[in-house]
Each structure stands twice: as C-alpha cells, then as structure tokens.
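Q: Attaching a single structure in structure tokens format; questions to follow.
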Amino acid sequence: MRVLKTAGWGLLVLIGLSGLTVGMWLLTSLPQKTGSLELDGLTSTVEIYRDEAAIPYIYAQSDADGYFALGFVHAQDRFWQMDLMRRFGAGRLSELLGEATLASDRWMRTLGLYRRAEEQVQKLPDPVQQALRAYAKGVNAWQRTKNGLGAIEFVWFADQLDPWKPADSLIWSKIMATRLSGNFRKEISRSRVADLLGREKMNEFWPDDPSPDPRTSHHQYPLLPVSLLSSLNSLPPDPPGLPVGASNQWAIGPKRSTTHLPFLANDPHLGFAAPILWYLAFIKTPTTQLTGATVPGVPFHILGHNGKIAWGITSTQADQEDLVVERVANTNSARYVVGSHSRAFIQTPMTIAVKGKPAHAMTVRATDQGPVISDLIPNLLKATEPRRAIVLEAVYLKPNDPTINALYYLNRASNWLEFRRALVFLKTPTLNVSYADTTGNIGFQVAGSLPVRAVGDGSLPTRRLSGTANWLEYVPYSQLPHLYNPDQGLIFNANNPVGSATGGPFISRDWAAPYRARRIDQVLQSKRKFDMGDMKTLQLDNLSLMAMDVLPQMLILATATEDRSKQILAMLKTWDRRMVRDRPEPLIFSTWLRALNYGLYGDDLGELGKPLLGLRPLFVLNALQENKIWCDDTQSIEKETCSDIVSRSLLQAIQQLSQKYGNTPKDWRWGDAHQSTFAHGVFNHVPLLNKITDLQIANDGGDYTVNRGASRINHEQAPFKHIHGPGLRAIYDLSNLTRSQFQIATGQSGNFLSSHYRDQLTNWRDGKFLTIDGTKQSIARVTERPLILTAPKRP
C-alpha cells in the first residue's frame with residue numbers, strides 16, 4: 001500500500017511538472033519586452049518602450065531602423081495575423097489549413113494579387129523600397145531570434161515560417177481594394193432582379209441617390225443571360241449579405257473649436273476579427289515622428305498624425321469593378337474576339353499545395369480586361385454558353401499600382417500641398433481622406449482611379465462592346481472632389497455622396513443610406529463650438545434617424561387586436577429611437593423591420609428573397625408611401641394592403657422574439673441579440689477553444705447610427721450579431737497632438753494567452769480612450785524598462 005501511495009504521489013508530481021513544462025513552453029509565444037537583443041540588419045541602437053496597453057514607442061536613429069523595429073514588434077505581437085494575411089492574398093492558405101480553404105486559394109490565384117504585388121515592388125521609388133526592405137528585415141530578425149513558439153497558433157500548426165518579403169507588405173492594400181471597391185456580386189443581383197421583375201422594379205429595390213449625377217445615364221444595353229451569372233455569387237471569400245465598408249470622419253475648423261485649432265475625428269468600419277485589424281504604434285527618428293494606427297504587415301501608418309498634420313479616411317464606395325462577358329472565337333476556344341479579330345487568352349498553369357491532400361492543379365485564363373472568373377465553377381458555360389467567358393475587370397487588377405507610395409509620402413507630408421501630392425499615388429481602393437494641420441487648416445480629398453466607361457455606369461454586367469476596352473480612361477486627379485477650409489468651418493463624410501450634385505465625375509450608384517451623415521451634420525450644426533468631449537460623444541452617438549424616419553410610418557399602418565401587440569406598439573410610440581443595449585425597443589423595431597422587408601419582397605423575389613434580405617429603409621419608405629404594389633402578396637388570392645403586411649409582420653416579429661427571449665417584452669434586450677463579435681481566424685471553428693479565442697460583448701448602436709453596429713441581416717440564427725464596425729476610433733487635437741485620443745476594439749496582442757489580447761474590449765464599448773504621448777518623460781512614467789535592439793559589433 002505504501003508503494004502505491006508513493007507511486008501515486010510520484011505520478012502527481014510528474015503530471016504537475018509536465019503541466020509546468022507545457023505552460024512554460026506556451027509562454028514562449030509571448031514577446032520579450034525588456035532586456036537587449038543584438039540583431040543583424042540594424043545600423044544603430046533602437047529603444048522600444050511599451051505602455052500599460054502594450055503600445056510600442058519606438059525611438060530609432062534612422063527611418064530604416066524605425067521601420068525595422070516596427071516590423072519586429074508587429075511580428076512579436078501579431079505574426080499569425082500577418083502570415084494569414086499574406087497566405088490569403090497569395091492563395092496559399094491550403095498549405096497550412098488543408099482542403100477547407102482551397103476555394104479561397106483558387107479565387108486568389110485567379111485574381112493574381114500576389115503576382116502583381118511582386119511585379120510592383122521593383123517599380124517603386126527607392127525610398128519606398130528601402131522602407132519595405134527594412135521592415136522585412138525586422139520581421140525576419142524576430143523569426144531568427146524568437147524563443148520557442150513565436151505564435152501560440154503554432155502549437156496546432158507546423159512552424160513553417162517563410163521569410164517576410166517586401167511583396168508581402170503590398171498585399172494588404174490589394175485585399176482591402178477587393179473589399180472596398182468591389183460590387184460584382186451586386187451587379188449579378190441587379191441582373192437577376194431585373195430579369196425576374198423588370199428594370200423599373202430593380203431600380204425601386206435599389207433606389208438611386210436622390211440627386212444623381214446628370215451626366216450619368218443608366219444605359220439600356222442588353223441584359224446578359226442570368227444563367228451565366230447567378231452561380232458566380234457562390235464564389236469565395238464572402239457569403240451574400242455581409243455589411244459593406246463604411247466609416248465616419250469629420251474635421252472642425254479653428255472657429256468652431258474651443259482650442260482655436262482643428263479637431264479631426266475618424267472611425268473606419270471594417271469586418272471584426274480577433275485580434276482586430278489595427279495596431280497602435282509610435283515611431284520617432286531624427287526626421288520622422290508618427291503616431292496612430294498601423295496594420296501588422298505594413299510598414300507605414302495607415303491613419304494618424306506626424307506632429308504637423310493628421311488624416312483620416314472613409315470609403316468612397318466608388319465602383320472600380322465590372323463584370324464583362326467576352327466572346328470566345330468560333331474556331332479556337334483558346335482565343336477570344338476583339339472587334340473583327342481574335343486574341344489568345346493568357347493562360348497560366350498553377351499548382352496549389354494542400355495539406356494532407358494531393359496538390360491541386362489549375363489554369364488561369366485572362367484577357368486584356370482581366371481574369372476569367374467563370375472558369376472557377378466547373379462546366380458553368382459549357383452546356384448553354386460555350387462561346388462565352390466572364391471576366392472581372394477591376395482597378396486593383398491593373399499593372400503598375402503605386403498605391404503604397406501614397407502611404408509613404410502621406411506619412412511625411414507637412415502641409416496641404418504635400419498631402420495632396422502624396423494622394424496622387426493612391427489608385428485603389430478609392431478613399432475620402434480628411435486633413436487637418438497645426439496651423440489651423442482643414443481639408444478633404446477623394447483619391448483613387450475612377451473608370452470612365454464607354455457605356456453604362458458599372459451597376460450591371462456588360463459585354464465587350466467593340467474592339468477597344470470598355471474602360472476608356474480614368475478621371476484626372478485634378479477633377480476629383482476636394483475641399484479646403486470651407487466657409488462653414490467643418491467637413492464631414494459618412495459614405496454619403498461626395499462632390500457636386502450638378503457636375504463632376506461619376507463615382508458610384510451605391511452610396512450608403514444617408515442617416516449617419518445626416519446625424520453628424522445635425523450635431524455639428526447644433527452649436528457654435530466643440531471640444532474633445534463633444535467629439536467622443538458624437539463617435540458614440542446611438543440615435544437612429546433611420547428609426548425616426550421609418551417607424552412612424554409603420555406605426556400609422558399597424559393594427560393590433562391582442563394585448564401583447566398593443567403593449568408593444570405603445571412601447572414603440574414612446575421610444576426615444578436610441579439603439580441602446582439595455583432596452584427592448586431597438587430589438588423589437590429591428591426584428592419588425594426585418595420581417596416587414598421579407599413580407600414586402602419575399603413573394604416577388606422567390607429564392608432571391610432571403611439572400612437579398614436587409615433592412616432597406618429607403619425601399620421600405622417608398623413601398624409604404626408610393627409604390628404600394630409591393631405590399632400585395634403575389635402568392636395569395638386576396639389583395640393585401642400595406643396595413644395588412646405591416647400588421648402581419650409585427651405578429652411574426654413578436655412570435656420570433658417570444659420564442660427566443662421569452663413572453664415578457666419588457667425583459668427583451670437589444671444587447672442580447674446585438675453582441676459585438678470578434679472571431680479568431682481559425683479557432684472560431686474549434687469547439688471549446690473558441691470560447692477562449694473568440695470575444696463577445698453586448699453593445700449599443702445599429703447599422704444606421706453614428707456608432708455603427710452592422711450585422712448580416714439575412715443570417716437566419718443571428719441577424720443582429722454585430723460583426724462590422726469601428727474597430728478603431730481616433731480623435732486628433734491639432735492644438736496639442738499629444739492629447740489626441742485612440743481606441744482599438746480588442747487589444748494590441750494577437751496571442752490569446754496575453755493580457756493584452758482582450759484588455760481594450762470593454763473600454764472600446766464604453767468610450768474610454770487611450771493617449772499616445774511620445775515624449776520620453778511621459779512614457780517613462782507608465783512603462784517598464786525598454787527593449788534595446790542593437791546592431792552587431794563588427795570586428
């Protein structure tokens with residue numbers, strides 16, 4: 001018995017030691033923050049301090065060493081994010097993740113983004129190339145010197161670390177361009193609705209901007225066969241119904257500011273993930289000082305200030321992408337028709353490595369207008385349209401894209417003229433870039449390549465129209481909308497139309513609904529002067545002007561015969577239209593509006609009804625007030641009125657909410673459905689582990705509030721889960737830029753073992769901001785000892 005007890009104690013000790021060993025091994029994935037390292041690639045000593053939020057403060061003796069150090073800390077905190085980004089952009093995820101990502105890799109190989117990035121590197125100006133190389137050296141120095149895991153994900157995935165290359169840093173802007181400039185899926189949806197219901201109803205379903213550009217007409221060129229297009233909606237990487245890119249920004253001039261110098265506020269809206277895309281950093285060299293938001297993998301500050309100017313961005317939502325149907329030559333399927341002649345398809349064979357499976361071979365075909373994406377769906381055209389090929393033409397697929405130069409020179413601009421010169425290089429995505437400087441000026445510039453089309457406006461697919469390309473040229477930079485020190489002393493944009501309503505170039509037909517812009521304008525017109533607190537309050541504003549527009553019309557038409565419906569209508573009548581998490585009314589209204597949408601067009605659209613389901617407030621108002629034919633259910637014998645459909649949808653909403661949240665409406669909460677959700681890029685699919693890696697928090701806001709909380713409305717189980725919004729908020733005080741305020745949604749670290757993986761989540765939700773004061777005296781008060789990087793001593 002004594003032997004068994006001794007053995008038992010020995011086993012417990014062994015298990016304890018093993019657990020301790022494993023724990024210590026896992027902790028090797030955390031970064032070294034103090035001490036010193038000798039690293040090849042440096043020319044002088046670099047000091048890196050980290051504050052209480054793990055924001056790095058980099059002090060270097062040259063710009064090259066500053067970029068080196070930024071690459072090093074990016075890799076320390078976010079290498080897994082960086083590696084997934086470059087693998088995604090290069091079509092190489094399957095090497096690591098297996099067959100589940102093969103469709104994504106085939107899509108990216110067809111686009112050829114990484115090949116274009118590699119070609120572009122050698123064409124960049126020397127200073128930009130030097131910055132990219134220095135950054136890559138910093139990333140690779142971390143790879144050589146890391147102790148143990150390096151990234152926690154390498155516990156599950158083989159530690160296959162390819163050296164970082166300059167082209168890897170170019171891929172991010174191209175990925176962003178596909179997300180912010182792309183509308184080919186909307187072109188397909190428009191075609192399908194027009195084919196089903198006619199062009200008039202198509203335009204009612206997607207109402208034009210109320211003040212369309214008079215020089216743009218929606219040409220009635222022949223619609224393409226829907227059979228050619230519908231299958232393309234299934235292409236990766238995005239399912240239908242995801243929110244589109246959006247953002248807010250405004251600049252307050254000296255006369256409207258309590259400091260007598262500008263404020264600039266910006267919150268870009270993108271899809272959520274854990275970690276969040278953004279990484280805050282401060283860099284100081286003898287010639288450069290930069291503070292603000294970076295993206296791991298990119299050496300330049302995307303948003304921020306340089307001590308002289310501050311800048312922010314919103315998506316212009318410009319149409320930089322078209323679907324074009326090419327005609328295949330009669331006698332040779334390897335050629336396509338151009339006017340009276342034919343040309344050979346460019347054909348590029350490729351092999352995709354797939355973990356645990358044989359390699360996948362494919363051949364990418366392309367014309368002079370772009371890659372053939374219809375080849376991604378086997379036999380799509382062979383049976384019905386063997387002499388057709390569907391091509392994607394996009395600005396981000398054109399050669400010689402100098403967009404990365406814009407970031408390099410923007411980081412160094414010291415005035416309005418240099419700011420505008422920097423943005424000449426920005427081609428894709430098209431962005432609205434706001435400006436403020438320490439001498440009191442504010443400005444706004446649209447930057448990007450806007451195609452001038454031979455016919456149409458890009459909202460529908462087209463055919464090659466002649467022997468020439470469908471895109472004739474690009475709008476000259478000098479003709480792009482811009483503002484400088486407007487008389488009213490303020491500039492704002494929330495993805496609303498830019499430029500003149502009576503002239504200027506065509507930009508897009510797909511502007512955001514006007515409610516965020518109207519609310520920002522409303523608040524900024526409400527008083528004469530604003531301070532930093534006002535800027536924060538506006539960024540977190542939850543008043544829904546959309547609800548103020550739409551709900552009264554719904555209440556007028558709704559009839560209730562049972563007590564609970566009457567109770568709910570009474571609650572909505574007194575609701576203040578604020579989308580706050582601890583109230584039931586936002587949830588009731590949103591669920592009712594969703595049900596009403598499906599009631600208005602689900603019968604007309606058939607199988608398209610659910611994929612195209614959204615809240616569509618402009619359409620709903622039009623249907624209830626003007627084009628009331630949408631209210632009639634085409635699948636019933638009776639003729640329904642708008643009151644019928646509004647009342648029926650209310651009952652459906654109540655039933656849905658009761659099944660999910662109980663039978664007491666006053667106990668329902670918007671925050672139960674509207675959870676800000678940040679999913680890990682891989683582990684969100686792993687049971688139990690995703691409980692650690694995925695982050696959630698009940699939040700305020702909605703898709704049409706300034707504090708934007710966008711969701712995938714057509715998702716059956718979680719239509720209001722907050723998956724897209726302001727992962728970064730920044731407010732720049734041009735009277736003293738060290739008082740500027742920042743937020744990121746999760747934390748600086750990408751390692752879920754780190755205390756900085758989730759430490760900013762509640763602060764982000766509750767409006768608690770960070771400051772980044774780069775003075776050494778200030779940083780020394782809130783940080784531990786620095787990490788010292790030194791160049792090797794030469795004999």
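In the structure tokens, each chain is lettered A, B, ... as it comes, each chain's residues begin at 1, and ligands are numbered from 1 in order of appearance.
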Check region 680-713 of chain A with DSSP on the backbone and list each residue it calls helix (DSSP H, G or I), as a VMD selection string.
A: chain A and resid 683 to 685 689 to 693
Q: Find the distance between CA of Gly443 (chain A) and CA of His482 (chain A) and write it in Å to one decimal.
A: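 Calculated distance between CA of Gly443 (chain A) and CA of His482 (chain A) is 7.4 Å.
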Q: Just want the 7 Å neighbourhood of region 51-57 of chain A, counted on only C-alpha atoms, with same-chain residues fewer than 5 positions away dropped. Output as a list of chain:residue names.
A: A:Leu280, A:Ala281, A:Phe282, A:Ile283, A:Gln748, A:His756, A:Gly774, A:Ile779, A:Val782, A:Thr783
Q: Between A:His360, A:Arg519, A:Arg648, A:Arg509, which has the minimum distance to Leu593 (chain A) (counting only C-alpha atoms)?
A: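 Counting only C-alpha atoms, the residue closest to Leu593 (chain A) is A:Arg648.
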Q: Counting only C-alpha atoms, figure out which residue out of A:Phe769, A:Phe589, A:Trp172, A:Phe300 gets nearest to Gln81 (chain A).
A: A:Trp172
Q: Set out as a tab-separated table a contact list for region 251-351 of chain A and region 685-694 of chain A with a cut-off of 10 Å, giving each residue of region 251-351 of chain A that qualifies its closest atom pair and distance in Å to one decimal, counting only C-alpha atoms, ordered by chain and rising residue number.
A:
```
residue	atom	partner	partner_atom	distance
A:Ala273	CA	A:Asp694	CA	8.4
A:Ala274	CA	A:Asp694	CA	6.5
A:Pro275	CA	A:Asp694	CA	9.1
```
Q: Print the selection's residues with N, CA, C and O atoms to a file, as a compact mmCIF listing (two decimals), in the first residue's frame.
A:
```txt
# COMPACT_ATOMS: atom_id res chain seq x y z
N ALA A 273 -12.61 40.92 -36.25
CA ALA A 273 -11.86 39.68 -36.06
C ALA A 273 -11.08 39.81 -34.76
O ALA A 273 -10.90 40.91 -34.23
N ALA A 274 -10.64 38.68 -34.23
CA ALA A 274 -9.77 38.68 -33.06
C ALA A 274 -8.41 38.11 -33.48
O ALA A 274 -8.34 36.96 -33.89
N PRO A 275 -7.35 38.94 -33.40
CA PRO A 275 -7.35 40.34 -32.96
C PRO A 275 -7.95 41.25 -34.01
O PRO A 275 -8.11 40.87 -35.17
```
Q: Residues of region 418-552 of chain A classed as strand (DSSP E or B) by DSSP on the backbone are to be reported as a PDB file with N, CA, C and O atoms, in the first residue's frame.
A:
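For reference, selection-v8.pdb as written:
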```
ATOM      1  N   LEU A 431     -10.611  56.368 -51.832  1.00  0.00           N
ATOM      2  CA  LEU A 431     -10.860  56.770 -50.446  1.00  0.00           C
ATOM      3  C   LEU A 431     -11.159  58.257 -50.359  1.00  0.00           C
ATOM      4  O   LEU A 431     -10.671  59.059 -51.177  1.00  0.00           O
ATOM      5  N   ASN A 432     -11.942  58.631 -49.357  1.00  0.00           N
ATOM      6  CA  ASN A 432     -12.102  60.019 -48.947  1.00  0.00           C
ATOM      7  C   ASN A 432     -11.122  60.258 -47.807  1.00  0.00           C
ATOM      8  O   ASN A 432     -11.218  59.606 -46.771  1.00  0.00           O
ATOM      9  N   VAL A 433     -10.192  61.163 -47.994  1.00  0.00           N
ATOM     10  CA  VAL A 433      -9.150  61.380 -46.995  1.00  0.00           C
ATOM     11  C   VAL A 433      -9.319  62.783 -46.413  1.00  0.00           C
ATOM     12  O   VAL A 433      -9.297  63.775 -47.143  1.00  0.00           O
ATOM     13  N   SER A 434      -9.503  62.849 -45.097  1.00  0.00           N
ATOM     14  CA  SER A 434      -9.668  64.135 -44.429  1.00  0.00           C
ATOM     15  C   SER A 434      -8.326  64.628 -43.908  1.00  0.00           C
ATOM     16  O   SER A 434      -7.390  63.842 -43.690  1.00  0.00           O
ATOM     17  N   TYR A 435      -8.246  65.920 -43.651  1.00  0.00           N
ATOM     18  CA  TYR A 435      -6.964  66.578 -43.351  1.00  0.00           C
ATOM     19  C   TYR A 435      -7.179  67.672 -42.308  1.00  0.00           C
ATOM     20  O   TYR A 435      -8.189  68.385 -42.308  1.00  0.00           O
ATOM     21  N   ALA A 436      -6.204  67.809 -41.407  1.00  0.00           N
ATOM     22  CA  ALA A 436      -6.149  68.959 -40.502  1.00  0.00           C
ATOM     23  C   ALA A 436      -4.686  69.196 -40.154  1.00  0.00           C
ATOM     24  O   ALA A 436      -3.890  68.240 -40.095  1.00  0.00           O
ATOM     25  N   ASP A 437      -4.306  70.441 -39.935  1.00  0.00           N
ATOM     26  CA  ASP A 437      -2.909  70.708 -39.585  1.00  0.00           C
ATOM     27  C   ASP A 437      -2.808  71.655 -38.400  1.00  0.00           C
ATOM     28  O   ASP A 437      -3.795  72.257 -37.959  1.00  0.00           O
ATOM     29  N   ILE A 442      -8.146  72.848 -42.518  1.00  0.00           N
ATOM     30  CA  ILE A 442      -8.802  71.554 -42.672  1.00  0.00           C
ATOM     31  C   ILE A 442      -9.078  71.325 -44.157  1.00  0.00           C
ATOM     32  O   ILE A 442      -9.200  72.275 -44.941  1.00  0.00           O
ATOM     33  N   GLY A 443      -9.158  70.055 -44.553  1.00  0.00           N
ATOM     34  CA  GLY A 443      -9.380  69.748 -45.959  1.00  0.00           C
ATOM     35  C   GLY A 443      -9.925  68.344 -46.150  1.00  0.00           C
ATOM     36  O   GLY A 443     -10.079  67.563 -45.199  1.00  0.00           O
ATOM     37  N   PHE A 444     -10.180  68.022 -47.419  1.00  0.00           N
ATOM     38  CA  PHE A 444     -10.803  66.749 -47.784  1.00  0.00           C
ATOM     39  C   PHE A 444     -10.463  66.465 -49.242  1.00  0.00           C
ATOM     40  O   PHE A 444     -10.581  67.358 -50.101  1.00  0.00           O
ATOM     41  N   GLN A 445     -10.017  65.245 -49.524  1.00  0.00           N
ATOM     42  CA  GLN A 445      -9.627  64.887 -50.884  1.00  0.00           C
ATOM     43  C   GLN A 445     -10.104  63.481 -51.216  1.00  0.00           C
ATOM     44  O   GLN A 445      -9.857  62.542 -50.454  1.00  0.00           O
ATOM     45  N   VAL A 446     -10.819  63.324 -52.325  1.00  0.00           N
ATOM     46  CA  VAL A 446     -11.108  61.994 -52.868  1.00  0.00           C
ATOM     47  C   VAL A 446      -9.901  61.556 -53.674  1.00  0.00           C
ATOM     48  O   VAL A 446      -9.386  62.321 -54.496  1.00  0.00           O
ATOM     49  N   ALA A 447      -9.431  60.335 -53.437  1.00  0.00           N
ATOM     50  CA  ALA A 447      -8.237  59.836 -54.130  1.00  0.00           C
ATOM     51  C   ALA A 447      -8.490  58.424 -54.623  1.00  0.00           C
ATOM     52  O   ALA A 447      -8.974  57.570 -53.875  1.00  0.00           O
ATOM     53  N   PRO A 451     -12.931  54.786 -63.191  1.00  0.00           N
ATOM     54  CA  PRO A 451     -13.009  54.465 -64.626  1.00  0.00           C
ATOM     55  C   PRO A 451     -14.030  55.337 -65.352  1.00  0.00           C
ATOM     56  O   PRO A 451     -15.109  55.629 -64.820  1.00  0.00           O
ATOM     57  N   VAL A 452     -13.687  55.727 -66.553  1.00  0.00           N
ATOM     58  CA  VAL A 452     -14.637  56.347 -67.474  1.00  0.00           C
ATOM     59  C   VAL A 452     -15.058  55.257 -68.449  1.00  0.00           C
ATOM     60  O   VAL A 452     -14.238  54.747 -69.218  1.00  0.00           O
ATOM     61  N   ARG A 453     -16.325  54.877 -68.416  1.00  0.00           N
ATOM     62  CA  ARG A 453     -16.806  53.728 -69.169  1.00  0.00           C
ATOM     63  C   ARG A 453     -17.343  54.140 -70.529  1.00  0.00           C
ATOM     64  O   ARG A 453     -17.933  55.215 -70.687  1.00  0.00           O
ATOM     65  N   THR A 462     -21.792  43.802 -68.403  1.00  0.00           N
ATOM     66  CA  THR A 462     -21.870  44.205 -69.802  1.00  0.00           C
ATOM     67  C   THR A 462     -21.068  43.240 -70.648  1.00  0.00           C
ATOM     68  O   THR A 462     -20.389  42.346 -70.141  1.00  0.00           O
ATOM     69  N   ARG A 463     -21.163  43.422 -71.959  1.00  0.00           N
ATOM     70  CA  ARG A 463     -20.331  42.681 -72.904  1.00  0.00           C
ATOM     71  C   ARG A 463     -19.216  43.585 -73.389  1.00  0.00           C
ATOM     72  O   ARG A 463     -19.291  44.809 -73.288  1.00  0.00           O
ATOM     73  N   TRP A 471     -13.348  50.250 -70.592  1.00  0.00           N
ATOM     74  CA  TRP A 471     -12.916  51.413 -69.835  1.00  0.00           C
ATOM     75  C   TRP A 471     -12.036  52.276 -70.741  1.00  0.00           C
ATOM     76  O   TRP A 471     -10.982  51.838 -71.225  1.00  0.00           O
ATOM     77  N   LEU A 472     -12.470  53.510 -70.948  1.00  0.00           N
ATOM     78  CA  LEU A 472     -11.769  54.377 -71.893  1.00  0.00           C
ATOM     79  C   LEU A 472     -10.550  55.046 -71.269  1.00  0.00           C
ATOM     80  O   LEU A 472      -9.511  55.195 -71.911  1.00  0.00           O
ATOM     81  N   GLU A 473     -10.695  55.489 -70.014  1.00  0.00           N
ATOM     82  CA  GLU A 473      -9.625  56.200 -69.318  1.00  0.00           C
ATOM     83  C   GLU A 473     -10.012  56.300 -67.846  1.00  0.00           C
ATOM     84  O   GLU A 473     -11.023  55.727 -67.415  1.00  0.00           O
ATOM     85  N   TYR A 474      -9.225  57.047 -67.081  1.00  0.00           N
ATOM     86  CA  TYR A 474      -9.556  57.332 -65.686  1.00  0.00           C
ATOM     87  C   TYR A 474      -9.758  58.836 -65.499  1.00  0.00           C
ATOM     88  O   TYR A 474      -9.151  59.653 -66.197  1.00  0.00           O
ATOM     89  N   HIS A 482     -12.665  67.738 -53.878  1.00  0.00           N
ATOM     90  CA  HIS A 482     -11.818  68.111 -52.750  1.00  0.00           C
ATOM     91  C   HIS A 482     -12.331  69.421 -52.149  1.00  0.00           C
ATOM     92  O   HIS A 482     -13.018  70.196 -52.809  1.00  0.00           O
ATOM     93  N   LEU A 483     -12.008  69.629 -50.884  1.00  0.00           N
ATOM     94  CA  LEU A 483     -12.394  70.830 -50.157  1.00  0.00           C
ATOM     95  C   LEU A 483     -11.195  71.335 -49.361  1.00  0.00           C
ATOM     96  O   LEU A 483     -10.390  70.541 -48.878  1.00  0.00           O
ATOM     97  N   TYR A 484     -11.121  72.631 -49.192  1.00  0.00           N
ATOM     98  CA  TYR A 484     -10.057  73.203 -48.351  1.00  0.00           C
ATOM     99  C   TYR A 484     -10.619  74.426 -47.641  1.00  0.00           C
ATOM    100  O   TYR A 484     -11.087  75.373 -48.281  1.00  0.00           O
ATOM    101  N   LEU A 490     -16.397  73.315 -41.222  1.00  0.00           N
ATOM    102  CA  LEU A 490     -16.463  71.891 -40.901  1.00  0.00           C
ATOM    103  C   LEU A 490     -16.585  71.080 -42.187  1.00  0.00           C
ATOM    104  O   LEU A 490     -17.081  71.559 -43.217  1.00  0.00           O
ATOM    105  N   ILE A 491     -16.080  69.841 -42.091  1.00  0.00           N
ATOM    106  CA  ILE A 491     -16.152  68.868 -43.184  1.00  0.00           C
ATOM    107  C   ILE A 491     -16.554  67.545 -42.560  1.00  0.00           C
ATOM    108  O   ILE A 491     -16.045  67.181 -41.493  1.00  0.00           O
ATOM    109  N   PHE A 492     -17.463  66.820 -43.205  1.00  0.00           N
ATOM    110  CA  PHE A 492     -17.807  65.501 -42.678  1.00  0.00           C
ATOM    111  C   PHE A 492     -18.122  64.558 -43.826  1.00  0.00           C
ATOM    112  O   PHE A 492     -18.512  64.978 -44.917  1.00  0.00           O
ATOM    113  N   ASN A 493     -17.954  63.278 -43.559  1.00  0.00           N
ATOM    114  CA  ASN A 493     -18.350  62.258 -44.525  1.00  0.00           C
ATOM    115  C   ASN A 493     -18.650  60.962 -43.790  1.00  0.00           C
ATOM    116  O   ASN A 493     -17.921  60.570 -42.873  1.00  0.00           O
ATOM    117  N   PHE A 530     -16.962  73.323 -30.307  1.00  0.00           N
ATOM    118  CA  PHE A 530     -16.881  71.933 -29.882  1.00  0.00           C
ATOM    119  C   PHE A 530     -15.535  71.661 -29.223  1.00  0.00           C
ATOM    120  O   PHE A 530     -14.517  72.249 -29.595  1.00  0.00           O
ATOM    121  N   LEU A 543     -28.367  57.589 -31.600  1.00  0.00           N
ATOM    122  CA  LEU A 543     -29.688  57.989 -32.074  1.00  0.00           C
ATOM    123  C   LEU A 543     -29.859  57.541 -33.526  1.00  0.00           C
ATOM    124  O   LEU A 543     -29.041  57.856 -34.383  1.00  0.00           O
TER     125      LEU A 543
END
```
Q: Could you give me, as a list in words, the residues within 6 Å of region 105-120 of chain A, counting only C-alpha atoms and dropping anything in the same chain fewer than 6 positions from it?
A: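 Final neighbour list, sorted by chain and number: Ala90, Gly91, Arg92, Ala167, Leu170, Val364 and Asn400 of chain A.
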Q: Residues of region 249-327 of chain A that have any atom at most 12 Å from an atom of region 719-722 of chain A: could you tabulate them with the shortest-distance atom pair and the distance in Å to one decimal, using only C-alpha atoms, ordered by chain and increasing number, as CSV?
A:
```
residue,atom,partner,partner_atom,distance
A:His269,CA,A:His722,CA,11.7
A:Leu270,CA,A:His722,CA,11.3
A:Gly271,CA,A:His722,CA,9.4
A:Phe272,CA,A:His722,CA,8.5
A:Ala273,CA,A:His722,CA,11.2
```
Q: Give me the region 662-724 of chain A side of the contact with region 494-503 of chain A, cut-off 12 Å, one line per residue showing its nearest atom pair and distance in Å at one decimal, counting only C-alpha atoms, sorted by chain and residue number, as a Markdown table.
A:
```
| residue | atom | partner | partner_atom | distance |
| --- | --- | --- | --- | --- |
| A:Tyr704 | CA | A:Ala494 | CA | 10.3 |
| A:Thr705 | CA | A:Ala494 | CA | 10.4 |
| A:Val706 | CA | A:Ala494 | CA | 8.4 |
| A:Asn707 | CA | A:Ala494 | CA | 11.3 |
| A:Arg708 | CA | A:Ala494 | CA | 10.5 |
```
Q: Please, what distance in Å, to one decimal, runs between CA of Pro586 (chain A) and CA of Leu615 (chain A)?
A: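 Distance reported for this atom pair: 13.2 Å.
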Q: Could you state the separation of CA of Gly747 (chain A) and CA of Trp156 (chain A) in Å, given to one decimal place?
A: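 Here the two named atoms are 22.6 Å from each other.
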Q: When you count only C-alpha atoms, which of these residues is closest to Asp457 (chain A): A:Pro617, A:Pro505, A:Gly602, A:Pro665?
A: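 Of all the options, A:Pro505 lies closest to Asp457 (chain A).
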Q: Identify which of the residues A:Gly89, A:Gly727, A:Pro792, A:Gly606 lies closest to Leu39 (chain A), counting only C-alpha atoms when measuring atom-to-atom distances.
A: A:Pro792
Q: Near Leu180 (chain A), within 10 Å and counting only C-alpha atoms, which residues show up once chain neighbours fewer than 3 positions away are dropped, as a list of chain:residue names?
A: A:Lys174, A:Ile175, A:Met176, A:Ala177, A:Asn183, A:Val244, A:Gly245, A:Ala246, A:Leu270, A:Ser315, A:Thr316, A:Gln317, A:Ala318, A:Asp319, A:Gln320, A:Thr428, A:Pro429, A:Thr430, A:Leu431
Q: Determine the nearest neighbour of Lys186 (chain A) from the options A:Asn147, A:Ser459, A:Thr403, A:Asn627, counting only C-alpha atoms.
A: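 The closest residue to Lys186 (chain A) is A:Ser459.
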